[in-house]
file run12.cif (mmCIF, N, CA and C atoms)
data_query
loop_
_atom_site.label_atom_id
_atom_site.label_comp_id
_atom_site.auth_asym_id
_atom_site.auth_seq_id
_atom_site.Cartn_x
_atom_site.Cartn_y
_atom_site.Cartn_z
N MET A 1 -4.61 -6.05 -3.39
CA MET A 1 -5.38 -6.71 -2.34
C MET A 1 -4.46 -7.53 -1.44
N ARG A 2 -3.32 -7.92 -1.98
CA ARG A 2 -2.38 -8.69 -1.18
C ARG A 2 -1.91 -7.86 0.01
N THR A 3 -1.69 -6.58 -0.21
CA THR A 3 -1.27 -5.70 0.89
C THR A 3 -2.34 -5.63 1.96
N ASN A 4 -3.60 -5.57 1.56
CA ASN A 4 -4.69 -5.52 2.53
C ASN A 4 -4.77 -6.81 3.34
N VAL A 5 -4.57 -7.94 2.68
CA VAL A 5 -4.61 -9.23 3.38
C VAL A 5 -3.51 -9.28 4.43
N VAL A 6 -2.30 -8.90 4.02
CA VAL A 6 -1.17 -8.91 4.97
C VAL A 6 -1.42 -7.94 6.11
N LEU A 7 -1.95 -6.77 5.79
CA LEU A 7 -2.22 -5.77 6.82
C LEU A 7 -3.22 -6.29 7.85
N PHE A 8 -4.28 -6.93 7.41
CA PHE A 8 -5.27 -7.43 8.36
C PHE A 8 -4.75 -8.61 9.16
N TRP A 9 -3.88 -9.46 8.58
CA TRP A 9 -3.27 -10.53 9.38
C TRP A 9 -2.35 -9.94 10.44
N VAL A 10 -1.60 -8.89 10.08
CA VAL A 10 -0.74 -8.22 11.06
C VAL A 10 -1.58 -7.61 12.18
N LEU A 11 -2.70 -6.99 11.81
CA LEU A 11 -3.60 -6.43 12.83
C LEU A 11 -4.17 -7.52 13.74
N ALA A 12 -4.52 -8.65 13.18
CA ALA A 12 -5.06 -9.75 14.00
C ALA A 12 -4.02 -10.23 15.01
N VAL A 13 -2.79 -10.43 14.54
CA VAL A 13 -1.73 -10.86 15.46
C VAL A 13 -1.48 -9.79 16.52
N PHE A 14 -1.47 -8.53 16.11
CA PHE A 14 -1.25 -7.45 17.07
C PHE A 14 -2.33 -7.45 18.16
N PHE A 15 -3.58 -7.58 17.77
CA PHE A 15 -4.65 -7.53 18.77
C PHE A 15 -4.65 -8.76 19.67
N PHE A 16 -4.28 -9.90 19.14
CA PHE A 16 -4.19 -11.07 20.01
C PHE A 16 -3.05 -10.92 21.02
N LEU A 17 -1.90 -10.38 20.57
CA LEU A 17 -0.80 -10.12 21.51
C LEU A 17 -1.18 -9.03 22.51
N ALA A 18 -1.88 -8.01 22.04
CA ALA A 18 -2.33 -6.95 22.95
C ALA A 18 -3.31 -7.50 23.98
N ASP A 19 -4.12 -8.46 23.59
CA ASP A 19 -5.06 -9.06 24.53
C ASP A 19 -4.33 -9.86 25.61
N VAL A 20 -3.31 -10.61 25.19
CA VAL A 20 -2.54 -11.36 26.17
C VAL A 20 -1.84 -10.41 27.14
N LEU A 21 -1.25 -9.34 26.62
CA LEU A 21 -0.60 -8.36 27.49
C LEU A 21 -1.61 -7.66 28.41
N TYR A 22 -2.80 -7.41 27.91
CA TYR A 22 -3.84 -6.78 28.72
C TYR A 22 -4.25 -7.68 29.88
N ILE A 23 -4.38 -8.96 29.60
CA ILE A 23 -4.75 -9.91 30.66
C ILE A 23 -3.63 -10.03 31.69
N VAL A 24 -2.39 -10.13 31.20
CA VAL A 24 -1.25 -10.24 32.12
C VAL A 24 -1.12 -8.98 32.96
N TRP A 25 -1.30 -7.83 32.36
CA TRP A 25 -1.22 -6.57 33.09
C TRP A 25 -2.31 -6.49 34.16
N GLY A 26 -3.49 -6.95 33.84
CA GLY A 26 -4.56 -6.97 34.84
C GLY A 26 -4.27 -7.91 35.99
N LEU A 27 -3.64 -9.04 35.68
CA LEU A 27 -3.30 -9.99 36.75
C LEU A 27 -2.15 -9.49 37.61
N LEU A 28 -1.28 -8.68 37.04
CA LEU A 28 -0.16 -8.15 37.81
C LEU A 28 -0.50 -6.90 38.60
N ASP A 29 -1.69 -6.38 38.41
CA ASP A 29 -2.11 -5.18 39.15
C ASP A 29 -2.18 -5.50 40.63
N PRO A 30 -1.46 -4.76 41.50
CA PRO A 30 -1.43 -5.12 42.92
C PRO A 30 -2.76 -4.85 43.64
N LEU A 31 -3.60 -4.00 43.11
CA LEU A 31 -4.86 -3.68 43.80
C LEU A 31 -5.94 -4.72 43.54
N HIS A 32 -6.03 -5.21 42.30
CA HIS A 32 -7.14 -6.10 41.95
C HIS A 32 -6.71 -7.53 41.66
N SER A 33 -5.65 -7.71 40.90
CA SER A 33 -5.12 -9.03 40.53
C SER A 33 -6.18 -9.97 39.96
N ARG A 34 -6.93 -9.47 38.98
CA ARG A 34 -7.92 -10.29 38.30
C ARG A 34 -8.06 -9.82 36.86
N ILE A 35 -8.73 -10.62 36.07
CA ILE A 35 -8.92 -10.28 34.66
C ILE A 35 -10.09 -9.31 34.54
N GLU A 36 -9.89 -8.27 33.77
CA GLU A 36 -10.98 -7.34 33.47
C GLU A 36 -11.59 -7.82 32.16
N TRP A 37 -12.76 -8.47 32.28
CA TRP A 37 -13.32 -9.25 31.17
C TRP A 37 -13.81 -8.41 30.00
N VAL A 38 -14.32 -7.22 30.27
CA VAL A 38 -14.87 -6.44 29.16
C VAL A 38 -13.77 -6.05 28.19
N GLY A 39 -12.67 -5.55 28.71
CA GLY A 39 -11.57 -5.17 27.84
C GLY A 39 -10.92 -6.37 27.17
N ALA A 40 -10.75 -7.46 27.92
CA ALA A 40 -10.11 -8.65 27.37
C ALA A 40 -10.94 -9.23 26.22
N VAL A 41 -12.23 -9.33 26.41
CA VAL A 41 -13.09 -9.87 25.36
C VAL A 41 -13.17 -8.90 24.18
N GLY A 42 -13.23 -7.59 24.46
CA GLY A 42 -13.29 -6.61 23.38
C GLY A 42 -12.06 -6.63 22.50
N ILE A 43 -10.88 -6.70 23.11
CA ILE A 43 -9.65 -6.75 22.33
C ILE A 43 -9.55 -8.07 21.56
N ALA A 44 -9.94 -9.18 22.19
CA ALA A 44 -9.91 -10.47 21.51
C ALA A 44 -10.87 -10.48 20.31
N LEU A 45 -12.05 -9.92 20.48
CA LEU A 45 -13.01 -9.88 19.37
C LEU A 45 -12.53 -8.96 18.25
N THR A 46 -11.78 -7.92 18.58
CA THR A 46 -11.19 -7.08 17.55
C THR A 46 -10.18 -7.88 16.73
N GLY A 47 -9.39 -8.72 17.41
CA GLY A 47 -8.48 -9.60 16.70
C GLY A 47 -9.20 -10.61 15.84
N VAL A 48 -10.30 -11.16 16.35
CA VAL A 48 -11.09 -12.11 15.58
C VAL A 48 -11.67 -11.44 14.34
N LEU A 49 -12.17 -10.22 14.49
CA LEU A 49 -12.72 -9.49 13.35
C LEU A 49 -11.65 -9.22 12.30
N SER A 50 -10.46 -8.83 12.73
CA SER A 50 -9.36 -8.62 11.78
C SER A 50 -9.00 -9.92 11.07
N ALA A 51 -9.01 -11.03 11.79
CA ALA A 51 -8.71 -12.32 11.16
C ALA A 51 -9.80 -12.71 10.16
N PHE A 52 -11.07 -12.45 10.49
CA PHE A 52 -12.16 -12.74 9.55
C PHE A 52 -12.00 -11.95 8.26
N ILE A 53 -11.70 -10.65 8.39
CA ILE A 53 -11.54 -9.81 7.20
C ILE A 53 -10.35 -10.27 6.38
N ALA A 54 -9.24 -10.60 7.05
CA ALA A 54 -8.06 -11.07 6.33
C ALA A 54 -8.35 -12.38 5.61
N PHE A 55 -9.05 -13.30 6.25
CA PHE A 55 -9.39 -14.57 5.62
C PHE A 55 -10.29 -14.35 4.41
N TYR A 56 -11.31 -13.49 4.56
CA TYR A 56 -12.22 -13.24 3.45
C TYR A 56 -11.48 -12.60 2.28
N LEU A 57 -10.67 -11.59 2.54
CA LEU A 57 -9.95 -10.93 1.46
C LEU A 57 -8.96 -11.89 0.79
N GLY A 58 -8.34 -12.75 1.58
CA GLY A 58 -7.43 -13.74 1.00
C GLY A 58 -8.16 -14.72 0.10
N ARG A 59 -9.33 -15.17 0.52
CA ARG A 59 -10.12 -16.09 -0.32
C ARG A 59 -10.64 -15.38 -1.57
N ALA A 60 -11.06 -14.13 -1.43
CA ALA A 60 -11.54 -13.38 -2.60
C ALA A 60 -10.41 -13.14 -3.59
N ARG A 61 -9.22 -12.86 -3.08
CA ARG A 61 -8.06 -12.65 -3.95
C ARG A 61 -7.70 -13.94 -4.68
N ALA A 62 -7.76 -15.06 -3.99
CA ALA A 62 -7.44 -16.35 -4.62
C ALA A 62 -8.50 -16.73 -5.66
N ALA A 63 -9.75 -16.37 -5.42
CA ALA A 63 -10.82 -16.75 -6.34
C ALA A 63 -10.85 -15.90 -7.60
N GLN A 64 -10.38 -14.65 -7.50
CA GLN A 64 -10.47 -13.79 -8.69
C GLN A 64 -9.40 -14.11 -9.72
N GLY A 65 -8.31 -14.75 -9.30
CA GLY A 65 -7.32 -15.22 -10.25
C GLY A 65 -6.45 -14.16 -10.88
N GLY A 66 -6.42 -12.98 -10.34
CA GLY A 66 -5.58 -11.92 -10.91
C GLY A 66 -5.21 -10.89 -9.86
N GLU A 67 -4.44 -9.94 -10.30
CA GLU A 67 -4.01 -8.87 -9.41
C GLU A 67 -4.86 -7.63 -9.65
N LEU A 68 -5.09 -6.89 -8.62
CA LEU A 68 -5.79 -5.62 -8.75
C LEU A 68 -4.82 -4.56 -9.24
N PRO A 69 -5.32 -3.49 -9.82
CA PRO A 69 -4.42 -2.41 -10.25
C PRO A 69 -3.63 -1.81 -9.07
N GLU A 70 -4.20 -1.86 -7.89
CA GLU A 70 -3.51 -1.31 -6.73
C GLU A 70 -2.28 -2.13 -6.36
N ASP A 71 -2.22 -3.37 -6.79
CA ASP A 71 -1.10 -4.25 -6.45
C ASP A 71 0.05 -4.16 -7.46
N ARG A 72 -0.19 -3.53 -8.60
CA ARG A 72 0.84 -3.44 -9.64
C ARG A 72 1.55 -2.10 -9.55
N ASN A 73 2.86 -2.12 -9.75
CA ASN A 73 3.63 -0.88 -9.73
C ASN A 73 3.50 -0.08 -11.02
N ASP A 74 3.14 -0.74 -12.12
CA ASP A 74 3.04 -0.06 -13.40
C ASP A 74 1.61 0.38 -13.74
N ALA A 75 0.69 0.30 -12.81
CA ALA A 75 -0.71 0.64 -13.07
C ALA A 75 -0.92 2.16 -13.06
N ASN A 76 -1.86 2.59 -13.86
CA ASN A 76 -2.26 4.00 -13.87
C ASN A 76 -3.45 4.20 -12.95
N ILE A 77 -3.76 5.44 -12.65
CA ILE A 77 -4.90 5.74 -11.79
C ILE A 77 -6.20 5.31 -12.47
N ASP A 78 -6.28 5.47 -13.78
CA ASP A 78 -7.49 5.11 -14.51
C ASP A 78 -7.77 3.61 -14.52
N ASP A 79 -6.75 2.79 -14.25
CA ASP A 79 -6.97 1.35 -14.24
C ASP A 79 -7.87 0.91 -13.09
N GLY A 80 -7.84 1.63 -12.00
CA GLY A 80 -8.67 1.28 -10.85
C GLY A 80 -9.90 2.14 -10.71
N ASP A 81 -10.34 2.75 -11.82
CA ASP A 81 -11.47 3.67 -11.78
C ASP A 81 -12.59 3.15 -12.67
N PRO A 82 -13.36 2.15 -12.21
CA PRO A 82 -14.40 1.60 -13.07
C PRO A 82 -15.66 2.47 -13.05
N GLU A 83 -16.52 2.18 -13.97
CA GLU A 83 -17.83 2.84 -13.99
C GLU A 83 -18.68 2.24 -12.89
N LEU A 84 -19.14 3.05 -11.96
CA LEU A 84 -19.89 2.55 -10.81
C LEU A 84 -21.40 2.61 -10.99
N GLY A 85 -21.85 3.34 -11.97
CA GLY A 85 -23.28 3.42 -12.19
C GLY A 85 -23.71 4.84 -12.48
N PHE A 86 -25.00 5.05 -12.53
CA PHE A 86 -25.54 6.37 -12.83
C PHE A 86 -26.11 6.96 -11.56
N PHE A 87 -25.74 8.19 -11.29
CA PHE A 87 -26.24 8.89 -10.11
C PHE A 87 -26.86 10.21 -10.54
N SER A 88 -27.99 10.53 -9.96
CA SER A 88 -28.69 11.77 -10.31
C SER A 88 -27.92 12.96 -9.75
N PRO A 89 -27.46 13.86 -10.61
CA PRO A 89 -26.61 14.93 -10.12
C PRO A 89 -27.34 15.99 -9.30
N TRP A 90 -28.61 16.27 -9.60
CA TRP A 90 -29.31 17.33 -8.89
C TRP A 90 -30.52 16.81 -8.12
N SER A 91 -30.47 15.59 -7.69
CA SER A 91 -31.61 14.99 -7.02
C SER A 91 -31.61 15.32 -5.53
N TRP A 92 -32.78 15.75 -5.04
CA TRP A 92 -32.96 16.03 -3.62
C TRP A 92 -33.60 14.84 -2.91
N TRP A 93 -34.04 13.84 -3.65
CA TRP A 93 -34.74 12.71 -3.04
C TRP A 93 -33.88 11.89 -2.08
N PRO A 94 -32.59 11.69 -2.33
CA PRO A 94 -31.80 10.95 -1.33
C PRO A 94 -31.73 11.66 0.02
N ILE A 95 -31.71 12.98 0.01
CA ILE A 95 -31.68 13.73 1.27
C ILE A 95 -33.01 13.59 1.99
N VAL A 96 -34.10 13.67 1.23
CA VAL A 96 -35.43 13.49 1.84
C VAL A 96 -35.57 12.08 2.40
N LEU A 97 -35.09 11.09 1.66
CA LEU A 97 -35.17 9.71 2.13
C LEU A 97 -34.32 9.50 3.38
N GLY A 98 -33.13 10.09 3.42
CA GLY A 98 -32.29 9.97 4.61
C GLY A 98 -32.94 10.61 5.82
N ALA A 99 -33.55 11.79 5.64
CA ALA A 99 -34.23 12.44 6.76
C ALA A 99 -35.45 11.64 7.21
N ALA A 100 -36.17 11.06 6.27
CA ALA A 100 -37.33 10.25 6.62
C ALA A 100 -36.92 9.00 7.39
N LEU A 101 -35.87 8.32 6.95
CA LEU A 101 -35.41 7.14 7.67
C LEU A 101 -34.85 7.50 9.05
N ALA A 102 -34.21 8.67 9.14
CA ALA A 102 -33.74 9.12 10.45
C ALA A 102 -34.92 9.36 11.38
N SER A 103 -36.02 9.90 10.86
CA SER A 103 -37.19 10.10 11.72
C SER A 103 -37.85 8.77 12.09
N VAL A 104 -37.75 7.76 11.22
CA VAL A 104 -38.27 6.44 11.57
C VAL A 104 -37.48 5.87 12.75
N PHE A 105 -36.16 5.93 12.67
CA PHE A 105 -35.33 5.41 13.76
C PHE A 105 -35.49 6.25 15.02
N LEU A 106 -35.67 7.55 14.86
CA LEU A 106 -35.95 8.40 16.02
C LEU A 106 -37.27 8.01 16.66
N GLY A 107 -38.25 7.69 15.83
CA GLY A 107 -39.54 7.25 16.35
C GLY A 107 -39.45 5.93 17.09
N VAL A 108 -38.60 5.04 16.64
CA VAL A 108 -38.40 3.78 17.35
C VAL A 108 -37.80 4.04 18.72
N ALA A 109 -36.91 5.04 18.81
CA ALA A 109 -36.24 5.33 20.07
C ALA A 109 -37.11 6.18 21.00
N ILE A 110 -37.90 7.10 20.47
CA ILE A 110 -38.62 8.05 21.31
C ILE A 110 -40.11 7.74 21.42
N GLY A 111 -40.76 7.69 20.28
CA GLY A 111 -42.20 7.45 20.30
C GLY A 111 -42.68 6.97 18.96
N PRO A 112 -43.64 6.05 18.94
CA PRO A 112 -44.08 5.47 17.67
C PRO A 112 -44.76 6.46 16.74
N TRP A 113 -45.32 7.52 17.26
CA TRP A 113 -46.01 8.46 16.38
C TRP A 113 -45.04 9.13 15.41
N ILE A 114 -43.79 9.33 15.81
CA ILE A 114 -42.80 9.89 14.91
C ILE A 114 -42.46 8.88 13.82
N ALA A 115 -42.41 7.61 14.17
CA ALA A 115 -42.10 6.57 13.19
C ALA A 115 -43.19 6.49 12.12
N TYR A 116 -44.44 6.66 12.51
CA TYR A 116 -45.53 6.63 11.51
C TYR A 116 -45.38 7.75 10.50
N ILE A 117 -45.03 8.92 10.96
CA ILE A 117 -44.81 10.06 10.05
C ILE A 117 -43.61 9.76 9.15
N GLY A 118 -42.55 9.22 9.74
CA GLY A 118 -41.35 8.90 8.98
C GLY A 118 -41.59 7.85 7.91
N VAL A 119 -42.41 6.83 8.22
CA VAL A 119 -42.71 5.79 7.23
C VAL A 119 -43.46 6.38 6.05
N SER A 120 -44.40 7.27 6.32
CA SER A 120 -45.16 7.87 5.21
C SER A 120 -44.25 8.75 4.34
N ILE A 121 -43.36 9.51 4.95
CA ILE A 121 -42.43 10.32 4.16
C ILE A 121 -41.44 9.42 3.41
N THR A 122 -41.06 8.29 4.01
CA THR A 122 -40.17 7.35 3.34
C THR A 122 -40.82 6.81 2.07
N VAL A 123 -42.09 6.46 2.13
CA VAL A 123 -42.78 5.96 0.94
C VAL A 123 -42.83 7.03 -0.14
N VAL A 124 -43.13 8.26 0.23
CA VAL A 124 -43.17 9.35 -0.74
C VAL A 124 -41.79 9.57 -1.36
N ALA A 125 -40.73 9.53 -0.53
CA ALA A 125 -39.38 9.75 -1.04
C ALA A 125 -38.94 8.62 -1.97
N LEU A 126 -39.29 7.37 -1.65
CA LEU A 126 -38.94 6.26 -2.53
C LEU A 126 -39.65 6.35 -3.88
N VAL A 127 -40.93 6.71 -3.85
CA VAL A 127 -41.67 6.86 -5.10
C VAL A 127 -41.11 8.03 -5.90
N GLY A 128 -40.82 9.13 -5.23
CA GLY A 128 -40.27 10.29 -5.92
C GLY A 128 -38.92 10.01 -6.55
N TRP A 129 -38.06 9.30 -5.82
CA TRP A 129 -36.73 9.00 -6.34
C TRP A 129 -36.81 7.99 -7.48
N THR A 130 -37.74 7.03 -7.39
CA THR A 130 -37.88 6.03 -8.43
C THR A 130 -38.39 6.64 -9.73
N PHE A 131 -39.38 7.52 -9.64
CA PHE A 131 -40.01 8.08 -10.83
C PHE A 131 -39.50 9.48 -11.16
N GLU A 132 -38.31 9.80 -10.70
CA GLU A 132 -37.75 11.13 -10.95
C GLU A 132 -37.53 11.41 -12.42
N TYR A 133 -37.11 10.40 -13.16
CA TYR A 133 -36.80 10.61 -14.57
C TYR A 133 -37.97 10.30 -15.49
N TYR A 134 -39.17 10.19 -14.95
CA TYR A 134 -40.34 9.95 -15.79
C TYR A 134 -41.21 11.18 -15.95
N ARG A 135 -40.84 12.27 -15.31
CA ARG A 135 -41.62 13.50 -15.44
C ARG A 135 -40.73 14.70 -15.25
N GLY A 136 -41.22 15.86 -15.64
CA GLY A 136 -40.48 17.09 -15.46
C GLY A 136 -39.38 17.28 -16.49
N ARG A 137 -38.34 18.00 -16.10
CA ARG A 137 -37.28 18.38 -17.00
C ARG A 137 -36.48 17.18 -17.55
N PHE A 138 -36.36 16.13 -16.75
CA PHE A 138 -35.55 14.98 -17.16
C PHE A 138 -36.40 13.82 -17.68
N GLY A 139 -37.68 14.05 -17.92
CA GLY A 139 -38.57 12.97 -18.37
C GLY A 139 -38.17 12.42 -19.72
N HIS A 140 -38.35 11.13 -19.88
CA HIS A 140 -38.03 10.49 -21.17
C HIS A 140 -39.07 9.47 -21.55
#
call {"tool": "encode", "arguments": {"input": "run12.cif", "output": "structure tokens"}}
result
Amino acid sequence: MRTNVVLFWVLAVFFFLADVLYIVWGLLDPLHSRIEWVGAVGIALTGVLSAFIAFYLGRARAAQGGELPEDRNDANIDDGDPELGFFSPWSWWPIVLGAALASVFLGVAIGPWIAYIGVSITVVALVGWTFEYYRGRFGH
């Protein structure tokens, strides 16, 4: 994690320097000679975001009190491979849920009648995914 912290601090410094150069370049332009605010603010906010991530990762690293397997040269691949949980190997419900939520967002953008259909399919997909292991071949 130390490498990630250093990398994000380097990115923050890079974007702040790039922002200063962008502003200076805009002021030196013979046609306009003014600051182009959208690019200047965008590059500055990218630097701020990199600094936020670097600060957070640095604080998380300090709070955990140890090194990650990725930071050690003698670590094996299995050291950084924890158990993440149980996932249904042949479940179609996540695909149905994703399509239903996509139709909800499409309905928000295009027309509310599509969102109503999407919400009803979302409820069916959530119930189906929740109770998948209570019936059928995998019931217990």
call {"tool": "residues_around", "arguments": {"input": "run12.cif", "residues": "Trp92 (chain A)", "least_positions_apart": "5", "cutoff": "8 Å", "atoms": "all atoms listed in the file", "output": "number ranges by chain"}}
result
A: 97-98, 125, 129
call {"tool": "atom_distance", "arguments": {"input": "run12.cif", "atom1": "CA of Asn4 (chain A)", "atom2": "CA of Asp19 (chain A)"}}
result
22.3 Å
call {"tool": "residues_around", "arguments": {"input": "run12.cif", "residues": "region 46-50 of chain A", "least_positions_apart": "5", "cutoff": "6 Å", "atoms": "only C-alpha atoms", "output": "PyMOL selection string"}}
result
chain A and resi 8+12+15-16
call {"tool": "write_last_selection", "arguments": {"input": "run12.cif", "atoms": "N, CA and C atoms", "output": "mmCIF file, keeping the file's coordinate frame"}}
result
data_model
loop_
_atom_site.group_PDB
_atom_site.id
_atom_site.type_symbol
_atom_site.label_atom_id
_atom_site.label_comp_id
_atom_site.auth_asym_id
_atom_site.auth_seq_id
_atom_site.Cartn_x
_atom_site.Cartn_y
_atom_site.Cartn_z
ATOM 1 N N PHE A 8 -4.280 -6.930 7.410
ATOM 2 C CA PHE A 8 -5.270 -7.430 8.360
ATOM 3 C C PHE A 8 -4.750 -8.610 9.160
ATOM 4 N N ALA A 12 -4.520 -8.650 13.180
ATOM 5 C CA ALA A 12 -5.060 -9.750 14.000
ATOM 6 C C ALA A 12 -4.020 -10.230 15.010
ATOM 7 N N PHE A 15 -3.580 -7.580 17.770
ATOM 8 C CA PHE A 15 -4.650 -7.530 18.770
ATOM 9 C C PHE A 15 -4.650 -8.760 19.670
ATOM 10 N N PHE A 16 -4.280 -9.900 19.140
ATOM 11 C CA PHE A 16 -4.190 -11.070 20.010
ATOM 12 C C PHE A 16 -3.050 -10.920 21.020
#
call {"tool": "residues_around", "arguments": {"input": "run12.cif", "residues": "Val24 (chain A)", "least_positions_apart": "6", "cutoff": "12 Å", "atoms": "only C-alpha atoms", "output": "count of residues only"}}
result
8
call {"tool": "resolve_selection", "arguments": {"input": "run12.cif", "expression": "the PyMOL selection byres ((chain A and resi 54) around 7)", "output": "list of chain:residue names"}}
result
A:Asn4, A:Val5, A:Val6, A:Leu7, A:Phe8, A:Trp9, A:Leu49, A:Ser50, A:Ala51, A:Phe52, A:Ile53, A:Phe55, A:Tyr56, A:Leu57, A:Gly58, A:Arg59
call {"tool": "resolve_selection", "arguments": {"input": "run12.cif", "expression": "the PyMOL selection byres (((chain A and resi 116-118 and name CA) around 8) and name CA)", "output": "list in words"}}
result
Ala100, Leu101, Ala102, Ser103, Val104, Gly107, Pro112, Trp113, Ile114, Ala115, Val119, Ser120, Ile121 and Thr122 of chain A
call {"tool": "atom_distance", "arguments": {"input": "run12.cif", "atom1": "atom C of Val10 (chain A)", "atom2": "CA of Leu45 (chain A)"}}
result
13.7 Å
call {"tool": "atom_distance", "arguments": {"input": "run12.cif", "atom1": "CA of Phe105 (chain A)", "atom2": "CA of Thr130 (chain A)"}}
result
22.3 Å
call {"tool": "select_by_dssp", "arguments": {"input": "run12.cif", "residues": "chain A", "states": "helix (DSSP H, G or I)", "output": "count of residues only"}}
result
104
call {"tool": "resolve_selection", "arguments": {"input": "run12.cif", "expression": "the PyMOL selection byres (((chain A and resi 68-75 and name CA) around 8) and name CA)", "output": "PDB file with N, CA and C atoms, in the coordinates of the input"}}
result
ATOM      1  N   MET A   1      -4.610  -6.050  -3.390  1.00  0.00           N
ATOM      2  CA  MET A   1      -5.380  -6.710  -2.340  1.00  0.00           C
ATOM      3  C   MET A   1      -4.460  -7.530  -1.440  1.00  0.00           C
ATOM      4  N   ARG A   2      -3.320  -7.920  -1.980  1.00  0.00           N
ATOM      5  CA  ARG A   2      -2.380  -8.690  -1.180  1.00  0.00           C
ATOM      6  C   ARG A   2      -1.910  -7.860   0.010  1.00  0.00           C
ATOM      7  N   THR A   3      -1.690  -6.580  -0.210  1.00  0.00           N
ATOM      8  CA  THR A   3      -1.270  -5.700   0.890  1.00  0.00           C
ATOM      9  C   THR A   3      -2.340  -5.630   1.960  1.00  0.00           C
ATOM     10  N   GLY A  66      -6.420 -12.980 -10.340  1.00  0.00           N
ATOM     11  CA  GLY A  66      -5.580 -11.920 -10.910  1.00  0.00           C
ATOM     12  C   GLY A  66      -5.210 -10.890  -9.860  1.00  0.00           C
ATOM     13  N   GLU A  67      -4.440  -9.940 -10.300  1.00  0.00           N
ATOM     14  CA  GLU A  67      -4.010  -8.870  -9.410  1.00  0.00           C
ATOM     15  C   GLU A  67      -4.860  -7.630  -9.650  1.00  0.00           C
ATOM     16  N   ASN A  76      -1.860   2.590 -13.860  1.00  0.00           N
ATOM     17  CA  ASN A  76      -2.260   4.000 -13.870  1.00  0.00           C
ATOM     18  C   ASN A  76      -3.450   4.200 -12.950  1.00  0.00           C
ATOM     19  N   ILE A  77      -3.760   5.440 -12.650  1.00  0.00           N
ATOM     20  CA  ILE A  77      -4.900   5.740 -11.790  1.00  0.00           C
ATOM     21  C   ILE A  77      -6.200   5.310 -12.470  1.00  0.00           C
ATOM     22  N   ASP A  79      -6.750   2.790 -14.250  1.00  0.00           N
ATOM     23  CA  ASP A  79      -6.970   1.350 -14.240  1.00  0.00           C
ATOM     24  C   ASP A  79      -7.870   0.910 -13.090  1.00  0.00           C
ATOM     25  N   GLY A  80      -7.840   1.630 -12.000  1.00  0.00           N
ATOM     26  CA  GLY A  80      -8.670   1.280 -10.850  1.00  0.00           C
ATOM     27  C   GLY A  80      -9.900   2.140 -10.710  1.00  0.00           C
TER      28      GLY A  80
END
